[in-house]
file work04.tsv (TSV, C-alpha atoms)
chain	number	residue	atom	x	y	z
A	1	MET	CA	126.38	102.04	99.59
A	2	ASN	CA	123.83	104.52	98.36
A	3	LEU	CA	120.88	104.23	100.74
A	4	ALA	CA	118.57	105.62	98.09
A	5	GLU	CA	119.27	102.56	95.95
A	6	LEU	CA	118.70	99.51	98.09
A	7	ASP	CA	118.37	96.14	96.40
A	8	SER	CA	114.80	95.99	97.70
A	9	ASP	CA	113.98	99.27	95.88
A	10	LYS	CA	115.44	97.92	92.64
A	11	LEU	CA	113.46	94.70	93.08
A	12	LEU	CA	110.26	96.66	93.72
A	13	ALA	CA	110.82	98.89	90.67
A	14	ALA	CA	111.52	95.85	88.45
A	15	PHE	CA	108.48	93.97	89.76
A	16	ARG	CA	106.23	96.99	89.33
A	17	GLY	CA	107.56	97.48	85.79
A	18	LEU	CA	106.84	93.86	84.89
A	19	LEU	CA	103.30	93.97	86.31
A	20	LEU	CA	102.61	97.02	84.11
A	21	SER	CA	104.41	95.87	80.95
A	22	LYS	CA	102.80	92.44	81.05
A	23	GLY	CA	99.38	94.01	81.61
A	24	VAL	CA	98.77	92.21	84.93
A	25	LEU	CA	97.81	95.57	86.46
A	26	ALA	CA	97.04	99.00	85.07
A	27	GLU	CA	98.86	102.08	86.38
A	28	GLU	CA	95.60	103.48	87.76
A	29	GLU	CA	94.89	100.27	89.73
A	30	LEU	CA	98.31	100.57	91.34
A	31	SER	CA	97.76	104.26	92.14
A	32	ARG	CA	94.30	103.59	93.55
A	33	SER	CA	95.65	100.85	95.76
A	34	SER	CA	98.52	103.07	96.94
A	35	ALA	CA	96.12	105.93	97.67
A	36	ALA	CA	93.86	103.63	99.71
A	37	MET	CA	96.84	102.44	101.73
A	38	ASP	CA	97.99	106.05	102.30
A	39	ALA	CA	94.50	107.04	103.50
A	40	ALA	CA	94.39	104.22	106.06
A	41	SER	CA	95.24	105.40	109.59
A	42	PRO	CA	94.33	104.86	113.24
A	43	ALA	CA	92.16	108.01	112.93
A	44	ARG	CA	89.80	106.04	110.70
A	45	GLY	CA	89.51	103.31	113.30
A	46	ALA	CA	88.86	106.01	115.92
A	47	ALA	CA	86.01	107.46	113.81
A	48	VAL	CA	84.42	104.00	113.58
A	49	VAL	CA	84.71	103.57	117.36
A	50	ALA	CA	83.18	106.99	118.09
A	51	LYS	CA	80.21	106.25	115.84
A	52	ALA	CA	79.68	102.90	117.59
A	53	TRP	CA	79.72	104.69	120.97
A	54	VAL	CA	76.98	107.15	120.03
A	55	ASP	CA	74.79	104.90	117.83
A	56	ALA	CA	73.67	101.58	119.36
A	57	ASP	CA	72.25	100.27	116.07
A	58	TYR	CA	75.52	101.02	114.31
A	59	ARG	CA	77.43	99.31	117.12
A	60	ALA	CA	75.31	96.16	116.67
A	61	ARG	CA	75.94	96.13	112.90
A	62	LEU	CA	79.67	96.68	113.43
A	63	LEU	CA	80.00	93.79	115.88
A	64	ASP	CA	77.89	91.52	113.68
A	65	ASN	CA	79.75	92.15	110.41
A	66	ALA	CA	82.34	94.91	110.48
A	67	THR	CA	83.29	95.24	106.82
A	68	PRO	CA	79.92	96.48	105.50
A	69	ALA	CA	79.43	98.61	108.63
A	70	ILE	CA	82.73	100.39	108.00
A	71	GLU	CA	81.95	100.80	104.30
A	72	GLU	CA	78.71	102.58	105.37
A	73	MET	CA	81.02	105.35	106.58
A	74	GLY	CA	82.53	105.71	103.11
A	75	ILE	CA	85.68	103.83	104.09
A	76	TYR	CA	86.08	101.13	101.42
A	77	LEU	CA	87.94	97.94	102.24
A	78	THR	CA	87.76	96.43	98.76
A	79	GLY	CA	90.19	93.60	98.27
A	80	ALA	CA	91.14	93.53	101.97
A	81	PRO	CA	90.52	90.48	104.16
A	82	PRO	CA	87.23	90.54	106.11
A	83	LEU	CA	87.41	92.59	109.28
A	84	GLY	CA	86.01	91.62	112.68
A	85	VAL	CA	85.51	93.95	115.65
A	86	LEU	CA	85.54	92.68	119.25
A	87	GLU	CA	83.97	94.70	122.01
A	88	ASN	CA	85.61	95.32	125.36
A	89	THR	CA	83.15	95.14	128.26
A	90	PRO	CA	83.42	94.98	132.06
A	91	ASP	CA	83.59	91.17	131.61
A	92	VAL	CA	86.15	90.81	128.81
A	93	HIS	CA	89.19	92.72	127.60
A	94	ASN	CA	90.46	91.88	124.12
A	95	ILE	CA	94.03	92.17	122.90
A	96	ILE	CA	95.14	91.45	119.33
A	97	VAL	CA	98.39	89.79	118.28
A	98	CYS	CA	99.61	87.83	115.29
A	99	THR	CA	102.07	85.30	116.72
A	100	LEU	CA	102.99	83.99	113.26
A	101	CYS	CA	103.78	87.25	111.47
A	102	SER	CA	102.08	90.66	111.42
A	103	CYS	CA	98.41	90.25	110.40
A	104	TYR	CA	96.77	93.64	111.02
A	105	PRO	CA	93.75	95.53	109.60
A	106	ARG	CA	95.99	97.60	107.32
A	107	MET	CA	93.29	98.81	104.93
A	108	LEU	CA	91.59	100.55	107.87
A	109	LEU	CA	94.39	101.42	110.33
A	110	GLY	CA	97.45	101.60	108.05
A	111	TYR	CA	100.73	99.85	108.70
A	112	PRO	CA	101.11	98.21	112.10
A	113	PRO	CA	103.42	99.88	114.63
A	114	LEU	CA	106.93	98.35	114.68
A	115	TRP	CA	106.53	96.85	118.17
A	116	TYR	CA	103.45	94.91	116.96
A	117	LYS	CA	105.76	92.92	114.65
A	118	SER	CA	108.48	92.35	117.28
A	119	ALA	CA	109.22	88.84	118.55
A	120	GLY	CA	108.96	90.21	122.11
A	121	TYR	CA	105.36	91.39	121.72
A	122	ARG	CA	104.27	88.39	119.70
A	123	SER	CA	105.54	85.88	122.24
A	124	ARG	CA	104.70	87.67	125.49
A	125	ALA	CA	101.15	88.53	124.33
A	126	VAL	CA	100.29	84.84	124.56
A	127	ARG	CA	102.77	83.61	127.16
A	128	ASP	CA	102.18	86.33	129.76
A	129	PRO	CA	99.47	88.71	128.56
A	130	ARG	CA	98.66	90.32	131.91
A	131	GLY	CA	102.37	90.84	132.61
A	132	LEU	CA	102.85	92.42	129.19
A	133	LEU	CA	99.88	94.75	129.69
A	134	ARG	CA	100.96	95.77	133.19
A	135	GLU	CA	104.73	96.09	132.77
A	136	GLU	CA	105.03	97.32	129.20
A	137	TRP	CA	101.86	99.42	128.88
A	138	GLY	CA	100.83	100.23	132.44
A	139	THR	CA	97.46	98.64	131.71
A	140	ILE	CA	95.87	96.90	134.69
A	141	ILE	CA	92.96	94.62	133.86
A	142	PRO	CA	90.96	93.71	137.00
A	143	ALA	CA	91.16	90.03	137.99
A	144	GLU	CA	87.41	89.62	137.47
A	145	THR	CA	87.71	90.75	133.81
A	146	LYS	CA	88.66	87.96	131.41
A	147	VAL	CA	91.66	88.74	129.20
A	148	ARG	CA	90.98	87.33	125.76
A	149	VAL	CA	94.03	87.18	123.49
A	150	LEU	CA	93.11	87.09	119.83
A	151	ASP	CA	95.84	85.36	117.87
A	152	SER	CA	95.15	86.67	114.36
A	153	THR	CA	96.82	84.19	112.08
A	154	ALA	CA	94.43	83.41	109.24
A	155	ASP	CA	91.94	85.07	106.89
A	156	TYR	CA	90.30	87.65	109.17
A	157	ARG	CA	91.73	90.87	110.54
A	158	TRP	CA	90.64	92.17	113.95
A	159	MET	CA	90.13	95.47	115.77
A	160	VAL	CA	89.09	96.15	119.35
A	161	LEU	CA	86.08	98.34	120.19
A	162	PRO	CA	87.34	99.95	123.42
A	163	ARG	CA	85.05	100.97	126.29
A	164	ARG	CA	83.83	104.54	126.22
A	165	PRO	CA	85.47	106.46	129.05
A	166	LYS	CA	83.42	107.94	131.86
A	167	GLY	CA	82.96	111.70	131.73
A	168	THR	CA	82.25	111.85	127.99
A	169	GLU	CA	78.44	111.96	128.12
A	170	GLY	CA	77.07	114.26	125.44
A	171	TRP	CA	80.37	114.59	123.55
A	172	SER	CA	80.31	114.84	119.74
A	173	GLU	CA	81.58	111.98	117.60
A	174	GLU	CA	84.53	114.12	116.49
A	175	LYS	CA	85.55	114.91	120.05
A	176	LEU	CA	85.18	111.27	121.09
A	177	ALA	CA	87.23	110.08	118.11
A	178	GLY	CA	90.04	112.38	119.24
A	179	LEU	CA	90.43	110.31	122.42
A	180	VAL	CA	91.01	106.95	120.69
A	181	ARG	CA	94.61	105.85	120.13
A	182	GLU	CA	96.12	103.12	117.96
A	183	THR	CA	97.05	101.16	121.10
A	184	ASP	CA	93.40	101.21	122.28
A	185	LEU	CA	92.38	99.60	118.95
A	186	ILE	CA	94.92	96.79	119.48
A	187	GLY	CA	93.91	96.42	123.12
A	188	VAL	CA	97.22	97.05	124.87
A	189	THR	CA	95.82	100.21	126.50
A	190	VAL	CA	92.44	101.36	127.77
A	191	LEU	CA	91.16	104.93	127.53
A	192	PRO	CA	91.59	106.99	130.69
A	193	GLU	CA	88.57	108.72	132.21
A	194	ALA	CA	87.96	112.07	130.57
A	195	VAL	CA	88.62	115.16	132.74
B	1	MET	CA	82.28	67.47	109.02
B	2	SER	CA	81.12	70.73	110.43
B	3	PHE	CA	81.26	72.09	113.98
B	4	ALA	CA	78.40	74.01	115.59
B	5	PRO	CA	79.12	76.79	118.10
B	6	GLY	CA	79.78	75.29	121.55
B	7	THR	CA	81.29	72.06	120.17
B	8	ARG	CA	84.41	70.86	121.96
B	9	VAL	CA	87.18	70.28	119.43
B	10	ARG	CA	90.77	69.10	119.53
B	11	VAL	CA	93.43	70.62	117.30
B	12	ARG	CA	95.36	67.90	115.48
B	13	ASP	CA	98.77	67.23	117.01
B	14	ALA	CA	100.39	67.37	113.57
B	15	TRP	CA	103.75	68.89	112.60
B	16	PRO	CA	103.86	68.99	108.78
B	17	GLU	CA	106.76	71.46	108.89
B	18	LEU	CA	108.98	68.60	110.12
B	19	GLU	CA	108.35	66.71	106.88
B	20	GLY	CA	109.34	69.41	104.40
B	21	PRO	CA	108.50	72.93	103.25
B	22	ALA	CA	105.17	74.00	104.73
B	23	HIS	CA	103.10	77.12	105.32
B	24	ILE	CA	100.91	76.64	108.39
B	25	ARG	CA	98.56	79.07	110.13
B	26	THR	CA	97.85	76.89	113.17
B	27	PRO	CA	100.02	78.14	116.07
B	28	HIS	CA	102.31	75.54	117.70
B	29	TYR	CA	100.98	76.10	121.20
B	30	VAL	CA	97.44	74.88	120.43
B	31	ARG	CA	98.36	71.73	118.54
B	32	GLY	CA	96.94	68.73	120.41
B	33	ARG	CA	94.90	71.09	122.64
B	34	THR	CA	91.16	71.12	123.22
B	35	GLY	CA	88.98	74.20	122.83
B	36	THR	CA	85.42	75.29	122.13
B	37	VAL	CA	84.04	76.51	118.80
B	38	LEU	CA	82.77	80.08	119.22
B	39	LYS	CA	81.51	80.54	115.66
B	40	ARG	CA	82.11	79.71	112.03
B	41	LEU	CA	83.83	82.65	110.33
B	42	GLY	CA	83.20	81.60	106.74
B	43	ALA	CA	85.20	79.54	104.27
B	44	PHE	CA	88.52	80.41	102.68
B	45	ARG	CA	91.00	78.92	100.27
B	46	ASN	CA	93.57	76.79	102.07
B	47	PRO	CA	96.65	79.00	102.62
B	48	GLU	CA	98.82	75.87	102.97
B	49	ASP	CA	98.33	75.30	99.23
B	50	LEU	CA	98.00	78.93	98.12
B	51	ALA	CA	101.46	79.65	99.54
B	52	PHE	CA	102.95	77.17	97.07
B	53	ALA	CA	100.69	78.19	94.13
B	54	ARG	CA	98.94	74.80	94.25
B	55	PRO	CA	95.21	74.33	93.61
B	56	ALA	CA	93.58	75.24	96.94
B	57	ALA	CA	90.29	73.93	98.29
B	58	THR	CA	87.89	76.28	100.06
B	59	ILE	CA	87.56	75.17	103.67
B	60	PRO	CA	85.56	76.40	106.67
B	61	LEU	CA	87.34	78.59	109.22
B	62	TYR	CA	86.27	78.62	112.87
B	63	HIS	CA	86.94	80.88	115.81
B	64	VAL	CA	88.01	78.52	118.59
B	65	ALA	CA	88.43	79.54	122.25
B	66	PHE	CA	91.05	77.89	124.48
B	67	GLU	CA	91.51	78.23	128.24
B	68	GLN	CA	94.97	79.82	128.66
B	69	ALA	CA	95.76	78.06	131.94
B	70	GLU	CA	95.23	74.65	130.30
B	71	ILE	CA	98.18	75.45	128.03
B	72	TRP	CA	100.32	77.47	130.45
B	73	PRO	CA	99.33	76.99	134.10
B	74	GLU	CA	100.93	80.33	135.12
B	75	ASN	CA	98.41	82.28	133.03
B	76	ALA	CA	95.37	83.59	134.89
B	77	PRO	CA	92.43	81.20	135.33
B	78	GLY	CA	89.53	82.20	133.08
B	79	ASP	CA	91.68	84.06	130.54
B	80	GLU	CA	91.37	82.69	127.02
B	81	PHE	CA	92.88	82.54	123.57
B	82	LEU	CA	90.63	83.04	120.57
B	83	ILE	CA	92.18	81.67	117.38
B	84	GLU	CA	91.11	81.14	113.76
B	85	ILE	CA	91.53	77.45	112.92
B	86	TYR	CA	90.76	75.79	109.58
B	87	GLU	CA	88.44	72.79	109.68
B	88	HIS	CA	91.01	70.22	108.53
B	89	TRP	CA	92.99	70.91	111.72
B	90	LEU	CA	90.03	70.09	113.99
B	91	GLU	CA	88.52	66.86	115.25
B	92	ALA	CA	85.61	66.33	117.66
B	93	ALA	CA	86.92	66.12	121.24
call {"tool": "encode", "arguments": {"input": "work04.tsv", "output": "structure tokens"}}
result
Amino acid sequence: MNLAELDSDKLLAAFRGLLLSKGVLAEEELSRSSAAMDAASPARGAAVVAKAWVDADYRARLLDNATPAIEEMGIYLTGAPPLGVLENTPDVHNIIVCTLCSCYPRMLLGYPPLWYKSAGYRSRAVRDPRGLLREEWGTIIPAETKVRVLDSTADYRWMVLPRRPKGTEGWSEEKLAGLVRETDLIGVTVLPEAV
Amino acid sequence: MSFAPGTRVRVRDAWPELEGPAHIRTPHYVRGRTGTVLKRLGAFRNPEDLAFARPAATIPLYHVAFEQAEIWPENAPGDEFLIEIYEHWLEAA
């Protein structure tokens, strides 16, 4: 078998050809959509988080209605499902899962990591969330902090606003953004204190 | 019917997938369970019809919180699930 010619590639090429030849989509719409998907990455989510950490008004707008707040930063989510952002606090720690499939804020963060789509993650995140966090990610959530598991299975997509680590007072947005990892935005990890 | 934040609601104990092809966004583990409406998230076209290219009504979608330990007693008391549930799956508890 030639790996460069999988059936799925042939199907995609045929489908793409039909969309164009039947005039359902124009070439430039397809390219624009591809480019938007290529630009999406966890770094964009990290930039949003850093801005929310340094600007309380922005943080309030982001938590109230995330899509327009993110578009303020020049990151356009046109055509994507509405996005919600949930804030971690000393009282509540959020973790995102899609138990049905792989719902994920792709237009902002890009494709989900492979483990996010695994049956193991999707089942244990609801059946034993504290065990999953502790044993698979080394993340200990204190007993007095509520663990809130967001099962993202419908028309919204969700991202976590992690807590700003201690020791980062006065840091620039760019430097703060450099601390934030994809796993912090899903809620399976928390940021370590800065040294 | 519409549910204000704070309303106690029960998820219908319905299993349409046992009756034929179905596309359902309501997780198994909350069917028949009681939770609390956190907020209304808006209204969306019913994915159960969209998935089969049928005409789809626009229905309200709610964020509903459930106590984890009421579903699985081993889970920590106070921990919760927060799940998007379409209005036609909810009834007043």
call {"tool": "closest_residue", "arguments": {"input": "work04.tsv", "among": "A:Ala154, A:Val54, A:Ala125, A:Asn65", "to": "Asn46 (chain B)", "atoms": "all atoms listed in the file"}}
result
A:Ala154
call {"tool": "residues_around", "arguments": {"input": "work04.tsv", "residues": "Leu83 (chain A)", "least_positions_apart": "4", "cutoff": "8 Å", "atoms": "all atoms listed in the file", "output": "PyMOL selection string"}}
result
chain A and resi 65-67+105+156-159
call {"tool": "interface_residues", "arguments": {"input": "work04.tsv", "of": "chain B", "to": "chain A", "cutoff": "9 Å", "atoms": "only C-alpha atoms", "output": "PyMOL selection string"}}
result
chain B and resi 25-27+41+44+47+61+65+68+72+74-86
call {"tool": "write_last_selection", "arguments": {"input": "work04.tsv", "atoms": "C-alpha atoms", "output": "JSON list (two decimals), in the frame of the given file"}}
result
[["chain", "number", "residue", "atom", "x", "y", "z"],
["B", 25, "ARG", "CA", 98.56, 79.07, 110.13],
["B", 26, "THR", "CA", 97.85, 76.89, 113.17],
["B", 27, "PRO", "CA", 100.02, 78.14, 116.07],
["B", 41, "LEU", "CA", 83.83, 82.65, 110.33],
["B", 44, "PHE", "CA", 88.52, 80.41, 102.68],
["B", 47, "PRO", "CA", 96.65, 79.00, 102.62],
["B", 61, "LEU", "CA", 87.34, 78.59, 109.22],
["B", 65, "ALA", "CA", 88.43, 79.54, 122.25],
["B", 68, "GLN", "CA", 94.97, 79.82, 128.66],
["B", 72, "TRP", "CA", 100.32, 77.47, 130.45],
["B", 74, "GLU", "CA", 100.93, 80.33, 135.12],
["B", 75, "ASN", "CA", 98.41, 82.28, 133.03],
["B", 76, "ALA", "CA", 95.37, 83.59, 134.89],
["B", 77, "PRO", "CA", 92.43, 81.20, 135.33],
["B", 78, "GLY", "CA", 89.53, 82.20, 133.08],
["B", 79, "ASP", "CA", 91.68, 84.06, 130.54],
["B", 80, "GLU", "CA", 91.37, 82.69, 127.02],
["B", 81, "PHE", "CA", 92.88, 82.54, 123.57],
["B", 82, "LEU", "CA", 90.63, 83.04, 120.57],
["B", 83, "ILE", "CA", 92.18, 81.67, 117.38],
["B", 84, "GLU", "CA", 91.11, 81.14, 113.76],
["B", 85, "ILE", "CA", 91.53, 77.45, 112.92],
["B", 86, "TYR", "CA", 90.76, 75.79, 109.58]]
call {"tool": "residues_around", "arguments": {"input": "work04.tsv", "residues": "Ala22 (chain B)", "least_positions_apart": "6", "cutoff": "12 Å", "atoms": "all atoms listed in the file", "output": "NGL selection string"}}
result
:B and (15-16 or 47-52)
call {"tool": "residues_around", "arguments": {"input": "work04.tsv", "residues": "Ala43 (chain A)", "least_positions_apart": "4", "cutoff": "12 Å", "atoms": "all atoms listed in the file", "output": "VMD selection string"}}
result
chain A and resid 39 47 to 50 75 108 to 110 174 to 185
call {"tool": "axis_aligned_box", "arguments": {"input": "work04.tsv", "around": "region 25-33 of chain B", "padding_each_side": "4 Å", "output": "JSON"}}
result
{"center_x": 98.6, "center_y": 73.9, "center_z": 116.4, "size_x": 15.4, "size_y": 18.3, "size_z": 20.5}
call {"tool": "atom_distance", "arguments": {"input": "work04.tsv", "atom1": "CA of Gly170 (chain A)", "atom2": "CA of Asp55 (chain A)"}}
result
12.3 Å
call {"tool": "atom_distance", "arguments": {"input": "work04.tsv", "atom1": "CA of Ser118 (chain A)", "atom2": "CA of Ile70 (chain A)"}}
result
28.5 Å
call {"tool": "atom_distance", "arguments": {"input": "work04.tsv", "atom1": "CA of Trp53 (chain A)", "atom2": "CA of Pro113 (chain A)"}}
result
25.0 Å
call {"tool": "closest_residue", "arguments": {"input": "work04.tsv", "among": "A:Tyr58, A:Trp137, A:Tyr104, A:Tyr111", "to": "Val188 (chain A)", "atoms": "all atoms listed in the file"}}
result
A:Trp137
call {"tool": "residues_around", "arguments": {"input": "work04.tsv", "residues": "Tyr121 (chain A)", "least_positions_apart": "6", "cutoff": "8 Å", "atoms": "all atoms listed in the file", "output": "PDB file with C-alpha atoms, in the coordinates of the input"}}
result
ATOM      1  CA  VAL A  97      98.390  89.790 118.280  1.00  0.00           C
ATOM      2  CA  TRP A 115     106.530  96.850 118.170  1.00  0.00           C
ATOM      3  CA  LEU A 132     102.850  92.420 129.190  1.00  0.00           C
TER       4      LEU A 132
END
call {"tool": "build_atoms", "arguments": {"input": "work04.tsv", "residues": "region 44-64 of chain A", "atoms": "N, CA, C and O atoms", "output": "PDB file, keeping the file's coordinate frame"}}
result
ATOM      1  N   ARG A  44      91.005 106.638 111.303  1.00  0.00           N
ATOM      2  CA  ARG A  44      89.800 106.040 110.700  1.00  0.00           C
ATOM      3  C   ARG A  44      89.174 105.030 111.650  1.00  0.00           C
ATOM      4  O   ARG A  44      87.957 104.975 111.780  1.00  0.00           O
ATOM      5  N   GLY A  45      90.019 104.247 112.300  1.00  0.00           N
ATOM      6  CA  GLY A  45      89.510 103.310 113.300  1.00  0.00           C
ATOM      7  C   GLY A  45      88.821 104.067 114.430  1.00  0.00           C
ATOM      8  O   GLY A  45      87.769 103.662 114.931  1.00  0.00           O
ATOM      9  N   ALA A  46      89.426 105.205 114.826  1.00  0.00           N
ATOM     10  CA  ALA A  46      88.860 106.010 115.920  1.00  0.00           C
ATOM     11  C   ALA A  46      87.490 106.551 115.530  1.00  0.00           C
ATOM     12  O   ALA A  46      86.574 106.596 116.363  1.00  0.00           O
ATOM     13  N   ALA A  47      87.313 106.943 114.263  1.00  0.00           N
ATOM     14  CA  ALA A  47      86.010 107.460 113.810  1.00  0.00           C
ATOM     15  C   ALA A  47      84.953 106.366 113.876  1.00  0.00           C
ATOM     16  O   ALA A  47      83.799 106.620 114.266  1.00  0.00           O
ATOM     17  N   VAL A  48      85.345 105.134 113.521  1.00  0.00           N
ATOM     18  CA  VAL A  48      84.420 104.000 113.580  1.00  0.00           C
ATOM     19  C   VAL A  48      84.006 103.757 115.039  1.00  0.00           C
ATOM     20  O   VAL A  48      82.827 103.560 115.356  1.00  0.00           O
ATOM     21  N   VAL A  49      84.976 103.796 115.940  1.00  0.00           N
ATOM     22  CA  VAL A  49      84.710 103.570 117.360  1.00  0.00           C
ATOM     23  C   VAL A  49      83.745 104.636 117.909  1.00  0.00           C
ATOM     24  O   VAL A  49      82.769 104.322 118.602  1.00  0.00           O
ATOM     25  N   ALA A  50      84.025 105.896 117.565  1.00  0.00           N
ATOM     26  CA  ALA A  50      83.180 106.990 118.090  1.00  0.00           C
ATOM     27  C   ALA A  50      81.744 106.830 117.611  1.00  0.00           C
ATOM     28  O   ALA A  50      80.794 107.036 118.375  1.00  0.00           O
ATOM     29  N   LYS A  51      81.572 106.440 116.355  1.00  0.00           N
ATOM     30  CA  LYS A  51      80.210 106.250 115.840  1.00  0.00           C
ATOM     31  C   LYS A  51      79.515 105.104 116.590  1.00  0.00           C
ATOM     32  O   LYS A  51      78.342 105.210 116.936  1.00  0.00           O
ATOM     33  N   ALA A  52      80.267 104.029 116.865  1.00  0.00           N
ATOM     34  CA  ALA A  52      79.680 102.900 117.590  1.00  0.00           C
ATOM     35  C   ALA A  52      79.296 103.306 119.021  1.00  0.00           C
ATOM     36  O   ALA A  52      78.331 102.778 119.580  1.00  0.00           O
ATOM     37  N   TRP A  53      80.035 104.244 119.606  1.00  0.00           N
ATOM     38  CA  TRP A  53      79.720 104.690 120.970  1.00  0.00           C
ATOM     39  C   TRP A  53      78.434 105.505 121.025  1.00  0.00           C
ATOM     40  O   TRP A  53      77.726 105.477 122.029  1.00  0.00           O
ATOM     41  N   VAL A  54      78.152 106.269 119.955  1.00  0.00           N
ATOM     42  CA  VAL A  54      76.980 107.150 120.030  1.00  0.00           C
ATOM     43  C   VAL A  54      75.741 106.533 119.373  1.00  0.00           C
ATOM     44  O   VAL A  54      74.650 107.060 119.531  1.00  0.00           O
ATOM     45  N   ASP A  55      75.903 105.447 118.613  1.00  0.00           N
ATOM     46  CA  ASP A  55      74.790 104.900 117.830  1.00  0.00           C
ATOM     47  C   ASP A  55      74.717 103.388 118.084  1.00  0.00           C
ATOM     48  O   ASP A  55      75.484 102.616 117.526  1.00  0.00           O
ATOM     49  N   ALA A  56      73.759 102.988 118.945  1.00  0.00           N
ATOM     50  CA  ALA A  56      73.670 101.580 119.360  1.00  0.00           C
ATOM     51  C   ALA A  56      73.381 100.653 118.186  1.00  0.00           C
ATOM     52  O   ALA A  56      73.888  99.532 118.127  1.00  0.00           O
ATOM     53  N   ASP A  57      72.555 101.114 117.227  1.00  0.00           N
ATOM     54  CA  ASP A  57      72.250 100.270 116.070  1.00  0.00           C
ATOM     55  C   ASP A  57      73.511 100.052 115.234  1.00  0.00           C
ATOM     56  O   ASP A  57      73.771  98.950 114.739  1.00  0.00           O
ATOM     57  N   TYR A  58      74.275 101.133 115.072  1.00  0.00           N
ATOM     58  CA  TYR A  58      75.520 101.020 114.310  1.00  0.00           C
ATOM     59  C   TYR A  58      76.476 100.052 115.011  1.00  0.00           C
ATOM     60  O   TYR A  58      77.112  99.209 114.386  1.00  0.00           O
ATOM     61  N   ARG A  59      76.554 100.187 116.333  1.00  0.00           N
ATOM     62  CA  ARG A  59      77.430  99.310 117.120  1.00  0.00           C
ATOM     63  C   ARG A  59      77.076  97.843 116.882  1.00  0.00           C
ATOM     64  O   ARG A  59      77.944  96.991 116.680  1.00  0.00           O
ATOM     65  N   ALA A  60      75.761  97.538 116.883  1.00  0.00           N
ATOM     66  CA  ALA A  60      75.310  96.160 116.670  1.00  0.00           C
ATOM     67  C   ALA A  60      75.716  95.670 115.281  1.00  0.00           C
ATOM     68  O   ALA A  60      76.182  94.541 115.119  1.00  0.00           O
ATOM     69  N   ARG A  61      75.557  96.533 114.265  1.00  0.00           N
ATOM     70  CA  ARG A  61      75.940  96.130 112.900  1.00  0.00           C
ATOM     71  C   ARG A  61      77.445  95.909 112.798  1.00  0.00           C
ATOM     72  O   ARG A  61      77.917  94.987 112.149  1.00  0.00           O
ATOM     73  N   LEU A  62      78.204  96.765 113.468  1.00  0.00           N
ATOM     74  CA  LEU A  62      79.670  96.680 113.430  1.00  0.00           C
ATOM     75  C   LEU A  62      80.158  95.370 114.054  1.00  0.00           C
ATOM     76  O   LEU A  62      81.042  94.696 113.524  1.00  0.00           O
ATOM     77  N   LEU A  63      79.558  95.008 115.191  1.00  0.00           N
ATOM     78  CA  LEU A  63      80.000  93.790 115.880  1.00  0.00           C
ATOM     79  C   LEU A  63      79.543  92.545 115.128  1.00  0.00           C
ATOM     80  O   LEU A  63      80.197  91.505 115.166  1.00  0.00           O
ATOM     81  N   ASP A  64      78.423  92.663 114.412  1.00  0.00           N
ATOM     82  CA  ASP A  64      77.890  91.520 113.680  1.00  0.00           C
ATOM     83  C   ASP A  64      78.707  91.259 112.413  1.00  0.00           C
ATOM     84  O   ASP A  64      79.049  90.108 112.109  1.00  0.00           O
TER      85      ASP A  64
END
